[in-house]
file my_file_35.txt (compact mmCIF, C-alpha atoms)
# COMPACT_ATOMS: atom_id res chain seq x y z
CA MET A 215 -208.22 179.90 -120.44
CA ALA A 216 -210.33 180.80 -117.46
CA VAL A 217 -209.60 181.07 -113.76
CA TRP A 218 -212.39 178.64 -112.90
CA GLU A 219 -210.52 175.89 -114.75
CA ALA A 220 -207.45 176.46 -112.58
CA LEU A 221 -209.65 176.16 -109.48
CA LEU A 222 -211.06 172.95 -110.93
CA GLU A 223 -207.55 171.47 -111.24
CA LEU A 224 -206.88 172.35 -107.63
CA ALA A 225 -210.21 170.91 -106.49
CA ASP A 226 -209.54 167.69 -108.42
CA ASP A 227 -206.17 167.27 -106.69
CA HIS A 228 -207.89 167.50 -103.31
CA LEU A 229 -210.88 165.31 -104.08
CA VAL A 230 -208.85 162.51 -105.66
CA LEU A 231 -206.28 162.41 -102.87
CA GLY A 232 -209.03 162.72 -100.26
CA HIS A 233 -210.82 159.75 -101.79
CA ARG A 234 -207.61 157.74 -102.05
CA ILE A 235 -206.73 158.19 -98.41
CA SER A 236 -210.30 157.39 -97.35
CA GLU A 237 -209.85 153.96 -98.96
CA TRP A 238 -207.77 153.04 -95.90
CA CYS A 239 -210.78 153.44 -93.61
CA GLY A 240 -211.22 150.11 -91.87
CA HIS A 241 -207.94 148.75 -93.27
CA ALA A 242 -205.30 150.85 -91.53
CA PRO A 243 -202.48 149.07 -89.69
CA MET A 244 -203.64 150.44 -86.32
CA LEU A 245 -206.64 152.20 -84.80
CA GLU A 246 -204.93 155.60 -84.55
CA GLU A 247 -204.21 155.54 -88.27
CA ASP A 248 -207.72 154.36 -89.00
CA LEU A 249 -208.85 157.64 -87.40
CA ALA A 250 -206.07 159.80 -88.81
CA MET A 251 -206.45 158.93 -92.47
CA PRO A 252 -210.20 159.57 -92.87
CA ASN A 253 -209.69 162.81 -90.92
CA MET A 254 -206.99 163.90 -93.36
CA GLY A 255 -209.29 162.84 -96.19
CA LEU A 256 -212.04 165.04 -94.73
CA ASP A 257 -209.73 168.05 -94.71
CA LEU A 258 -208.95 167.49 -98.39
CA ILE A 259 -212.54 166.82 -99.46
CA GLY A 260 -213.76 169.84 -97.50
CA THR A 261 -211.28 172.03 -99.36
CA ALA A 262 -212.33 170.44 -102.67
CA ARG A 263 -216.01 171.18 -102.01
CA THR A 264 -215.48 174.89 -101.52
CA LEU A 265 -213.25 175.07 -104.60
CA TYR A 266 -215.78 173.18 -106.78
CA ASP A 267 -218.59 175.38 -105.59
CA HIS A 268 -216.56 178.49 -106.39
CA ALA A 269 -215.37 177.15 -109.76
CA GLY A 270 -218.96 176.31 -110.73
CA LYS A 271 -220.12 179.81 -109.89
CA LEU A 272 -217.28 181.44 -111.83
CA GLU A 273 -218.00 179.21 -114.82
CA GLY A 274 -221.57 180.49 -114.69
CA LYS A 275 -223.30 177.49 -116.25
CA GLY A 276 -225.07 176.41 -113.10
CA ARG A 277 -222.89 173.38 -112.36
CA SER A 278 -222.93 172.47 -108.67
CA GLU A 279 -220.12 170.86 -106.67
CA ASP A 280 -221.88 167.50 -107.11
CA ASP A 281 -222.13 167.96 -110.90
CA LEU A 282 -218.41 168.67 -111.06
CA ALA A 283 -217.38 165.82 -108.78
CA TYR A 284 -219.75 163.10 -109.93
CA LEU A 285 -220.57 163.80 -113.55
CA ARG A 286 -217.19 164.23 -115.20
CA ASP A 287 -215.26 161.37 -116.76
CA GLU A 288 -211.62 160.49 -116.37
CA ARG A 289 -210.51 162.62 -119.34
CA GLU A 290 -212.24 165.63 -117.83
CA TYR A 291 -210.45 165.28 -114.50
CA ARG A 292 -207.46 167.60 -114.26
CA ASN A 293 -205.68 166.36 -111.13
CA CYS A 294 -201.93 165.79 -111.15
CA LEU A 295 -200.81 162.17 -111.40
CA LEU A 296 -199.25 161.98 -107.92
CA VAL A 297 -202.60 162.14 -106.10
CA GLU A 298 -204.18 159.31 -108.08
CA ARG A 299 -201.33 156.87 -107.44
CA PRO A 300 -202.75 153.78 -105.74
CA ASN A 301 -202.27 153.37 -102.00
CA GLU A 302 -200.04 150.28 -102.38
CA ASP A 303 -198.61 149.88 -98.88
CA PHE A 304 -198.52 152.27 -95.93
CA ALA A 305 -195.11 153.62 -96.97
CA HIS A 306 -196.40 154.66 -100.42
CA THR A 307 -199.48 156.26 -98.88
CA MET A 308 -197.55 158.28 -96.32
CA LEU A 309 -194.88 159.42 -98.77
CA ARG A 310 -197.55 160.55 -101.27
CA GLN A 311 -199.31 162.47 -98.49
CA PHE A 312 -196.04 164.03 -97.35
CA TYR A 313 -195.04 165.12 -100.87
CA PHE A 314 -198.45 166.68 -101.47
CA ALA A 315 -198.70 168.45 -98.11
CA ALA A 316 -195.11 169.74 -98.42
CA PHE A 317 -196.24 171.39 -101.65
CA MET A 318 -199.67 172.60 -100.54
CA ARG A 319 -198.61 174.27 -97.26
CA PRO A 320 -196.41 176.93 -98.93
CA TYR A 321 -198.99 177.13 -101.73
CA TRP A 322 -201.78 178.07 -99.33
CA LEU A 323 -199.51 180.39 -97.35
CA ALA A 324 -198.83 182.28 -100.58
CA ALA A 325 -202.55 182.17 -101.45
CA LEU A 326 -203.37 184.13 -98.29
CA ASN A 327 -202.60 187.17 -100.49
CA SER A 328 -204.89 186.06 -103.32
CA THR A 329 -207.00 188.65 -105.09
CA ASP A 330 -209.96 186.26 -104.69
CA GLU A 331 -211.77 186.34 -101.34
CA THR A 332 -212.91 182.70 -101.42
CA VAL A 333 -209.38 181.53 -102.21
CA ARG A 334 -208.10 183.56 -99.26
CA GLY A 335 -210.74 181.94 -97.03
CA VAL A 336 -209.81 178.43 -98.16
CA ALA A 337 -206.11 179.20 -97.78
CA GLY A 338 -206.47 180.45 -94.20
CA LYS A 339 -207.85 177.12 -93.11
CA ALA A 340 -205.96 174.80 -95.40
CA GLU A 341 -202.45 176.04 -94.62
CA LYS A 342 -202.93 175.03 -90.99
CA GLU A 343 -204.42 171.68 -91.91
CA MET A 344 -201.51 171.03 -94.26
CA ALA A 345 -199.08 171.75 -91.42
CA TYR A 346 -200.68 168.84 -89.55
CA HIS A 347 -200.48 166.62 -92.62
CA ILE A 348 -196.78 167.40 -93.16
CA ARG A 349 -196.06 166.63 -89.56
CA HIS A 350 -198.10 163.43 -89.41
CA ALA A 351 -196.97 161.97 -92.73
CA GLY A 352 -193.41 163.23 -92.20
CA GLU A 353 -193.19 161.40 -88.88
CA TRP A 354 -194.16 158.18 -90.62
CA VAL A 355 -191.63 158.73 -93.41
CA ILE A 356 -188.96 159.04 -90.70
CA ARG A 357 -190.23 156.13 -88.64
CA LEU A 358 -190.37 153.77 -91.59
CA GLY A 359 -187.26 155.05 -93.37
CA ASP A 360 -185.19 154.80 -90.19
CA GLY A 361 -187.00 151.68 -88.98
CA THR A 362 -186.50 147.99 -89.62
CA GLU A 363 -184.84 146.51 -92.68
CA GLU A 364 -188.31 145.72 -94.04
CA SER A 365 -189.83 149.15 -93.39
CA ALA A 366 -186.78 150.95 -94.79
CA ALA A 367 -186.89 148.83 -97.95
CA ARG A 368 -190.57 149.66 -98.41
CA MET A 369 -189.97 153.36 -97.95
CA ARG A 370 -187.12 153.27 -100.49
CA ASP A 371 -189.47 151.49 -102.92
CA ALA A 372 -192.04 154.23 -102.39
CA VAL A 373 -189.45 156.95 -103.08
CA GLU A 374 -188.37 155.11 -106.21
CA ALA A 375 -191.98 154.72 -107.40
CA LEU A 376 -193.26 158.24 -106.67
CA HIS A 377 -190.39 160.56 -107.54
CA ILE A 378 -191.25 160.67 -111.26
CA TYR A 379 -194.57 162.35 -110.35
CA VAL A 380 -193.02 165.19 -108.35
CA ASP A 381 -192.14 167.60 -111.17
CA GLU A 382 -195.75 167.84 -112.32
CA LEU A 383 -196.65 169.52 -109.01
CA PHE A 384 -194.62 172.54 -110.06
CA ASP A 385 -196.04 172.83 -113.60
CA SER A 386 -198.69 175.44 -114.32
CA SER A 387 -201.26 174.71 -117.01
CA ASP A 388 -202.45 177.53 -119.29
CA ALA A 389 -205.42 178.03 -116.98
CA ALA A 390 -203.19 178.13 -113.91
CA ARG A 391 -200.87 180.64 -115.57
CA ASP A 392 -203.81 182.93 -116.22
CA ALA A 393 -204.97 182.58 -112.61
CA GLU A 394 -201.42 183.29 -111.45
CA ALA A 395 -201.17 186.37 -113.67
CA ALA A 396 -204.46 187.63 -112.17
CA GLY A 397 -203.06 187.14 -108.66
CA VAL A 398 -205.73 184.55 -107.81
CA LEU A 399 -203.34 181.61 -107.33
CA PRO A 400 -199.63 181.41 -106.43
CA VAL A 401 -196.97 180.61 -109.04
CA ARG A 402 -196.30 176.90 -108.68
CA ALA A 403 -192.69 176.95 -109.85
CA ASP A 404 -191.80 179.44 -107.09
CA LEU A 405 -192.52 176.84 -104.41
CA ARG A 406 -189.83 174.39 -105.46
CA ALA A 407 -187.12 175.58 -103.06
CA THR A 408 -189.45 175.40 -100.04
CA TRP A 409 -190.63 171.94 -101.03
CA GLU A 410 -187.05 170.69 -101.51
CA ARG A 411 -186.08 172.04 -98.08
CA THR A 412 -188.99 170.34 -96.30
CA VAL A 413 -188.31 167.05 -98.06
CA SER A 414 -184.55 167.09 -97.54
CA GLU A 415 -184.95 167.79 -93.80
CA VAL A 416 -187.26 164.82 -93.34
CA PHE A 417 -185.26 162.56 -95.66
CA ALA A 418 -182.06 163.31 -93.72
CA GLU A 419 -183.73 162.02 -90.55
CA ALA A 420 -185.33 159.14 -92.41
CA LEU A 421 -181.96 158.08 -93.85
CA LEU A 422 -183.43 158.34 -97.33
CA GLU A 423 -181.87 159.76 -100.45
CA GLN A 424 -183.75 161.83 -102.97
CA PRO A 425 -183.18 160.19 -106.32
CA LYS A 426 -182.53 162.21 -109.43
CA ALA A 427 -185.54 161.63 -111.65
CA ALA A 428 -184.49 160.16 -114.99
CA TYR A 429 -187.68 161.62 -116.46
CA ALA A 430 -190.88 163.21 -115.21
CA GLN A 431 -194.30 161.68 -115.82
CA ARG A 432 -196.88 164.31 -116.71
CA GLY A 433 -200.32 164.48 -118.26
CA GLY A 434 -202.88 164.87 -115.48
CA ARG A 435 -203.57 168.52 -116.26
CA GLN A 436 -204.42 167.53 -119.83
CA GLY A 437 -206.67 164.71 -118.67
CA ILE A 438 -204.20 161.94 -119.54
CA HIS A 439 -204.34 159.67 -116.52
CA ASN A 440 -203.16 156.31 -115.34
CA GLU A 441 -205.80 153.58 -115.57
CA THR A 442 -206.15 153.61 -111.78
CA LEU A 443 -208.09 156.89 -111.85
CA GLY A 444 -210.91 155.27 -113.81
CA HIS A 445 -211.35 152.66 -111.11
CA LEU A 446 -211.36 155.32 -108.41
CA LEU A 447 -213.99 157.40 -110.22
CA ALA A 448 -216.14 154.36 -110.91
CA GLU A 449 -216.35 153.63 -107.20
CA MET A 450 -216.82 157.26 -106.22
CA GLN A 451 -219.46 158.07 -108.83
CA VAL A 452 -221.51 154.89 -109.05
CA VAL A 453 -224.29 155.88 -106.66
CA HIS A 454 -224.75 159.34 -108.11
CA ARG A 455 -224.80 158.01 -111.66
CA ALA A 456 -227.30 155.27 -110.75
CA HIS A 457 -229.54 157.83 -109.04
CA PRO A 458 -228.94 161.11 -110.90
CA GLY A 459 -229.50 164.16 -108.75
CA ALA A 460 -229.88 162.11 -105.57
CA ARG A 461 -229.43 164.18 -102.40
CA TRP A 462 -229.37 163.31 -98.74
CA MET B 1090 -222.17 174.82 -74.61
CA THR B 1091 -223.45 176.82 -77.56
CA VAL B 1092 -222.18 177.36 -81.10
CA ALA B 1093 -221.64 180.98 -80.08
CA ASP B 1094 -219.34 179.84 -77.23
CA LEU B 1095 -217.30 178.00 -79.86
CA GLY B 1096 -217.12 181.02 -82.16
CA ILE B 1097 -218.83 179.06 -84.95
CA LEU B 1098 -221.86 181.36 -85.00
CA ARG B 1099 -220.36 184.64 -86.27
CA TRP B 1100 -223.37 186.96 -86.20
CA VAL B 1101 -227.12 187.14 -86.61
CA ARG B 1102 -228.84 190.11 -88.19
CA VAL B 1103 -232.25 190.92 -89.58
CA GLU B 1104 -232.26 191.93 -93.24
CA ASN B 1105 -235.61 192.95 -94.76
CA GLY B 1106 -237.46 190.90 -92.18
CA VAL B 1107 -235.30 187.80 -92.70
CA ALA B 1108 -233.01 186.61 -89.89
CA VAL B 1109 -229.61 185.86 -91.42
CA ALA B 1110 -227.01 183.91 -89.43
CA GLY B 1111 -223.32 183.74 -90.38
CA VAL B 1112 -221.86 180.32 -89.63
CA THR B 1113 -218.24 179.27 -90.11
CA PRO B 1114 -216.73 175.79 -90.36
CA THR B 1115 -213.98 174.80 -87.93
CA TYR B 1116 -212.05 172.46 -90.22
CA SER B 1117 -212.52 172.42 -94.01
CA GLY B 1118 -214.16 169.02 -93.94
CA CYS B 1119 -216.05 169.29 -90.65
CA PRO B 1120 -219.01 166.92 -91.16
CA ALA B 1121 -221.00 168.76 -88.48
CA VAL B 1122 -221.23 172.02 -90.44
CA LEU B 1123 -224.45 171.09 -92.20
CA ALA B 1124 -226.06 169.80 -88.99
CA ILE B 1125 -225.12 173.02 -87.19
CA GLU B 1126 -226.49 175.17 -90.01
CA LEU B 1127 -229.77 173.26 -90.04
CA ALA B 1128 -230.09 173.52 -86.26
CA VAL B 1129 -229.45 177.28 -86.28
CA GLU B 1130 -231.97 177.75 -89.07
CA ALA B 1131 -234.54 175.65 -87.21
CA ALA B 1132 -233.97 177.66 -84.01
CA LEU B 1133 -234.55 180.92 -85.89
CA ARG B 1134 -237.75 179.56 -87.47
CA ASP B 1135 -238.97 178.31 -84.09
CA ALA B 1136 -238.49 181.86 -82.80
CA GLY B 1137 -240.86 183.04 -85.51
CA PHE B 1138 -238.38 184.36 -88.07
CA GLU B 1139 -237.95 183.68 -91.72
CA ALA B 1140 -234.37 182.42 -91.72
CA ARG B 1141 -231.34 182.10 -93.95
CA ILE B 1142 -227.82 180.81 -93.24
CA GLU B 1143 -224.68 182.30 -94.74
CA ARG B 1144 -221.49 180.25 -94.68
CA VAL B 1145 -218.59 182.57 -93.85
CA LEU B 1146 -215.08 181.46 -94.85
CA SER B 1147 -213.07 184.60 -94.40
CA PRO B 1148 -211.43 185.36 -92.05
CA PRO B 1149 -210.99 181.68 -91.19
CA TRP B 1150 -212.16 180.38 -87.85
CA THR B 1151 -209.50 179.95 -85.23
CA THR B 1152 -209.59 178.24 -81.85
CA ASP B 1153 -208.78 181.66 -80.33
CA TRP B 1154 -212.43 182.56 -80.94
CA ILE B 1155 -213.67 180.06 -78.37
CA THR B 1156 -214.86 182.20 -75.48
CA GLU B 1157 -213.54 181.87 -71.91
CA GLU B 1158 -216.89 180.37 -70.98
CA GLY B 1159 -216.66 177.99 -73.91
CA ARG B 1160 -213.19 176.87 -72.84
CA GLU B 1161 -214.43 176.23 -69.31
CA LYS B 1162 -217.40 174.21 -70.60
CA LEU B 1163 -215.10 172.13 -72.80
CA ARG B 1164 -212.92 171.38 -69.78
CA GLU B 1165 -215.94 170.41 -67.66
CA TYR B 1166 -217.03 168.08 -70.43
CA GLY B 1167 -213.62 166.39 -70.37
CA ILE B 1168 -212.07 167.94 -73.49
CA ALA B 1169 -208.85 169.89 -72.97
CA PRO B 1170 -209.35 173.34 -74.53
CA PRO B 1171 -206.84 174.50 -77.15
CA VAL B 1172 -203.65 176.12 -75.97
CA LYS B 1173 -203.82 179.84 -76.78
CA ALA B 1174 -202.02 181.64 -79.61
CA SER B 1175 -202.98 179.40 -82.48
CA GLY B 1176 -200.89 181.45 -84.88
CA SER B 1177 -197.59 180.31 -83.46
CA ILE B 1178 -195.81 177.49 -85.18
CA ARG B 1179 -195.11 175.91 -81.78
CA SER B 1180 -198.80 175.37 -81.05
CA LEU B 1181 -199.50 174.19 -84.61
CA PHE B 1182 -196.84 171.56 -84.31
CA GLY B 1183 -198.09 170.37 -80.97
CA ASP B 1184 -194.98 171.52 -79.13
CA VAL B 1185 -197.08 172.61 -76.15
CA ALA B 1186 -198.00 171.44 -72.66
CA VAL B 1187 -201.59 170.21 -72.63
CA THR B 1188 -203.32 170.23 -69.26
CA CYS B 1189 -205.38 167.22 -68.22
CA PRO B 1190 -209.05 168.30 -68.00
CA LYS B 1191 -209.69 165.79 -65.19
CA CYS B 1192 -206.88 166.39 -62.68
CA GLY B 1193 -205.12 169.51 -63.98
CA SER B 1194 -201.71 167.91 -64.38
CA THR B 1195 -199.49 169.04 -67.25
CA ASP B 1196 -197.72 165.67 -67.31
CA THR B 1197 -199.59 164.43 -70.36
CA GLU B 1198 -198.63 162.62 -73.55
CA LYS B 1199 -200.05 162.58 -77.05
CA LEU B 1200 -201.32 159.18 -78.17
CA SER B 1201 -202.58 160.17 -81.60
CA GLU B 1202 -202.42 163.35 -83.68
CA PHE B 1203 -205.98 162.74 -84.88
CA GLY B 1204 -208.74 161.82 -82.44
CA SER B 1205 -212.40 160.96 -82.83
CA THR B 1206 -212.92 164.06 -85.01
CA ALA B 1207 -210.63 166.18 -87.18
CA CYS B 1208 -210.54 168.97 -84.61
CA LYS B 1209 -209.25 166.80 -81.75
CA ALA B 1210 -206.10 164.88 -80.85
CA HIS B 1211 -206.00 162.00 -78.42
CA TYR B 1212 -203.99 162.38 -75.18
CA ARG B 1213 -203.34 160.53 -71.94
CA CYS B 1214 -202.59 161.95 -68.51
CA ARG B 1215 -199.52 160.39 -66.89
CA SER B 1216 -200.68 161.49 -63.42
CA CYS B 1217 -204.27 160.24 -63.24
CA LEU B 1218 -203.84 157.89 -66.24
CA GLU B 1219 -207.11 159.05 -67.83
CA PRO B 1220 -207.25 159.28 -71.62
CA PHE B 1221 -208.81 162.48 -72.96
CA ASP B 1222 -209.43 164.52 -76.12
CA TYR B 1223 -207.53 167.73 -76.79
CA PHE B 1224 -209.09 170.40 -79.01
CA LYS B 1225 -206.27 171.15 -81.45
CA CYS B 1226 -205.12 174.68 -82.20
CA ILE B 1227 -205.79 176.08 -85.61
call {"tool": "encode", "arguments": {"input": "my_file_35.txt", "output": "structure tokens"}}
result
Amino acid sequence: MAVWEALLELADDHLVLGHRISEWCGHAPMLEEDLAMPNMGLDLIGTARTLYDHAGKLEGKGRSEDDLAYLRDEREYRNCLLVERPNEDFAHTMLRQFYFAAFMRPYWLAALNSTDETVRGVAGKAEKEMAYHIRHAGEWVIRLGDGTEESAARMRDAVEALHIYVDELFDSSDAARDAEAAGVLPVRADLRATWERTVSEVFAEALLEQPKAAYAQRGGRQGIHNETLGHLLAEMQVVHRAHPGARW
Amino acid sequence: MTVADLGILRWVRVENGVAVAGVTPTYSGCPAVLAIELAVEAALRDAGFEARIERVLSPPWTTDWITEEGREKLREYGIAPPVKASGSIRSLFGDVAVTCPKCGSTDTEKLSEFGSTACKAHYRCRSCLEPFDYFKCI
């Protein structure tokens, strides 16, 4: 397996979550959030673009970032399942963002020592952006978890719904293992303790309990997705597929 | 205010008769990057050069690269410049006193972590009551 495929997995995580969170644009519960969510989406999509560009160059078949983003089908997408989960309500969206950022911040911090210069460049920017995401989403997890009866119930529902997707964050595919062995990307499993600490600190304030997962849902890295990803890709890719090669 | 004041324009050098400019994005998803690159390229062409832009990612841009003059121009424009020492966790997490660009008071409050663009947060001054943008530290 090749390093470029591991970068593709990482890029897919960022693009899919970036698109998901952008779906709130114009629908957020308040103006500040209507600004915050597309801005967080931009951070993620910006990171994805650099990773796609780099992956395409390493692959060496002339695929551009647009080719990789717009011209692959659901089964070819390698994102983890957490990021494709539908927005549902604001509690689901913020918990998903918090879980992802709590993983990616230590990931990028470790990637500052990557043997790959582009990865180091991405990491230097992204670890700071992820610090903002942890803080912003974490504040909402606390506010809703320790809020009204209604908001607390919604946050507990979100925890219940999303916790089966957590373990997959720490799995490394064959491609990722090769990239880890080459010192290009950090070892995912090593980040568990940091993630658990971040989550338990916020959950303690949010009066939430971390459930023990009865099982873990996996498959994204093999291209086995929930049906919701197909809908997301259809919306994201329709213009490019209707007008192949369109640029503006 | 120039892109050099902001530390976005890293360098310009002439290589084999071609003027090459190194440009760096502020945030990963900054939508202005392309517009800035095109404008720099156009400026070089207008000056009679053949021009090329190189996007530089490493080392990553930090708000510490905004020059003193750039900080002053931001303040004049009504945007509070970033608090120094972007590397510290205190400034990253917003645990800092932001000075109102209008009246100079430090009695300010954050209204929103994310402002009109990814690089800014929205604040309000409790002294003069003016709302203003704060250029976040990264």
call {"tool": "closest_atom_pairs", "arguments": {"input": "my_file_35.txt", "of": "chain A", "to": "chain B", "cutoff": "8 Å", "atoms": "all atoms listed in the file", "output": "CSV"}}
result
residue,atom,partner,partner_atom,distance
A:Glu246,CA,B:Ser1201,CA,5.9
A:Leu249,CA,B:Phe1203,CA,6.4
A:Ala250,CA,B:Phe1203,CA,4.9
A:Asn253,CA,B:Ala1207,CA,5.1
A:Met254,CA,B:Ala1207,CA,7.5
A:Leu256,CA,B:Gly1118,CA,4.6
A:Asp257,CA,B:Gly1118,CA,4.6
A:Leu258,CA,B:Gly1118,CA,7.0
A:Ile259,CA,B:Gly1118,CA,6.2
A:Gly260,CA,B:Gly1118,CA,3.7
A:Thr261,CA,B:Ser1117,CA,5.5
A:Glu331,CA,B:Ser1147,CA,7.3
A:Thr332,CA,B:Leu1146,CA,7.0
A:Arg334,CA,B:Ser1147,CA,7.0
A:Gly335,CA,B:Ser1147,CA,4.4
A:Val336,CA,B:Leu1146,CA,6.9
A:Gly338,CA,B:Pro1149,CA,5.6
A:Lys339,CA,B:Pro1149,CA,5.9
A:Ala340,CA,B:Ser1117,CA,7.1
A:Lys342,CA,B:Ile1227,CA,6.2
A:Glu343,CA,B:Ile1227,CA,7.8
A:Ala345,CA,B:Leu1181,CA,7.2
A:Tyr346,CA,B:Phe1182,CA,7.0
A:Arg349,CA,B:Phe1182,CA,7.2
A:His350,CA,B:Glu1202,CA,7.2
call {"tool": "atom_distance", "arguments": {"input": "my_file_35.txt", "atom1": "CA of Gly397 (chain A)", "atom2": "CA of Leu224 (chain A)"}}
result
15.3 Å
call {"tool": "residues_around", "arguments": {"input": "my_file_35.txt", "residues": "Val1103 (chain B)", "least_positions_apart": "6", "cutoff": "10 Å", "atoms": "only C-alpha atoms", "output": "PyMOL selection string"}}
result
chain B and resi 1109-1110+1138-1141
call {"tool": "closest_residue", "arguments": {"input": "my_file_35.txt", "among": "A:Asp360, A:Glu419, A:Ala403, A:Arg368", "to": "Arg391 (chain A)", "atoms": "all atoms listed in the file"}}
result
A:Ala403
call {"tool": "closest_atom_pairs", "arguments": {"input": "my_file_35.txt", "of": "region 221-276 of chain A", "to": "region 280-303 of chain A", "cutoff": "12 Å", "atoms": "all atoms listed in the file", "output": "CSV"}}
result
residue,atom,partner,partner_atom,distance
A:Leu221,CA,A:Arg292,CA,10.0
A:Leu222,CA,A:Arg292,CA,7.3
A:Glu223,CA,A:Arg292,CA,4.9
A:Leu224,CA,A:Asn293,CA,7.0
A:Ala225,CA,A:Asn293,CA,7.9
A:Asp226,CA,A:Asn293,CA,4.9
A:Asp227,CA,A:Asn293,CA,4.6
A:His228,CA,A:Val297,CA,8.0
A:Leu229,CA,A:Ala283,CA,8.0
A:Val230,CA,A:Glu298,CA,6.2
A:Leu231,CA,A:Val297,CA,4.9
A:Gly232,CA,A:Val297,CA,8.7
A:His233,CA,A:Glu298,CA,9.2
A:Arg234,CA,A:Asn301,CA,6.9
A:Ile235,CA,A:Asn301,CA,7.5
A:Ser236,CA,A:Asn301,CA,10.1
A:Glu237,CA,A:Asn301,CA,8.2
A:Trp238,CA,A:Asn301,CA,8.2
A:Cys239,CA,A:Asn301,CA,12.0
A:His241,CA,A:Asp303,CA,10.9
A:Ala242,CA,A:Asp303,CA,10.0
A:Pro243,CA,A:Asp303,CA,10.0
A:Met251,CA,A:Asn301,CA,11.8
A:Gly255,CA,A:Val297,CA,12.0
A:Leu258,CA,A:Val297,CA,11.3
A:Ile259,CA,A:Ala283,CA,10.5
A:Ala262,CA,A:Ala283,CA,9.2
A:Arg263,CA,A:Asp280,CA,8.6
A:Thr264,CA,A:Asp280,CA,11.3
A:Leu265,CA,A:Leu282,CA,10.5
A:Tyr266,CA,A:Leu282,CA,6.8
A:Asp267,CA,A:Leu282,CA,8.7
A:His268,CA,A:Leu282,CA,11.0
A:Ala269,CA,A:Leu282,CA,9.1
A:Gly270,CA,A:Leu282,CA,7.7
A:Lys271,CA,A:Leu282,CA,11.3
A:Glu273,CA,A:Leu282,CA,11.2
A:Lys275,CA,A:Asp281,CA,11.0
A:Gly276,CA,A:Asp281,CA,9.2
call {"tool": "residues_around", "arguments": {"input": "my_file_35.txt", "residues": "Val398 (chain A)", "least_positions_apart": "2", "cutoff": "10 Å", "atoms": "all atoms listed in the file", "output": "ChimeraX atom specification"}}
result
/A:217,220-221,325-334,390-396,400-401
call {"tool": "atom_distance", "arguments": {"input": "my_file_35.txt", "atom1": "CA of Tyr313 (chain A)", "atom2": "CA of Asp404 (chain A)"}}
result
15.9 Å
call {"tool": "closest_residue", "arguments": {"input": "my_file_35.txt", "among": "A:Leu358, A:Ile348, A:Leu446, A:Ile378", "to": "Leu421 (chain A)", "atoms": "all atoms listed in the file"}}
result
A:Leu358
call {"tool": "atom_distance", "arguments": {"input": "my_file_35.txt", "atom1": "CA of Ser414 (chain A)", "atom2": "CA of Asp381 (chain A)"}}
result
15.6 Å
call {"tool": "residues_near_point", "arguments": {"input": "my_file_35.txt", "point": "(-208.7, 172.1, -69.3)", "cutoff": "10 Å", "atoms": "all atoms listed in the file", "output": "MDAnalysis selection string"}}
result
chainID B and resid 1160:1172 1187:1195 1223:1224
call {"tool": "axis_aligned_box", "arguments": {"input": "my_file_35.txt", "around": "region 321-337 of chain A", "padding_each_side": "6 Å", "output": "JSON"}}
result
{"center_x": -205.9, "center_y": 182.9, "center_z": -101.1, "size_x": 26.1, "size_y": 23.5, "size_z": 20.1}
call {"tool": "closest_residue", "arguments": {"input": "my_file_35.txt", "among": "A:Met244, A:His439, A:Thr307, A:Ala375", "to": "Pro425 (chain A)", "atoms": "all atoms listed in the file"}}
result
A:Ala375
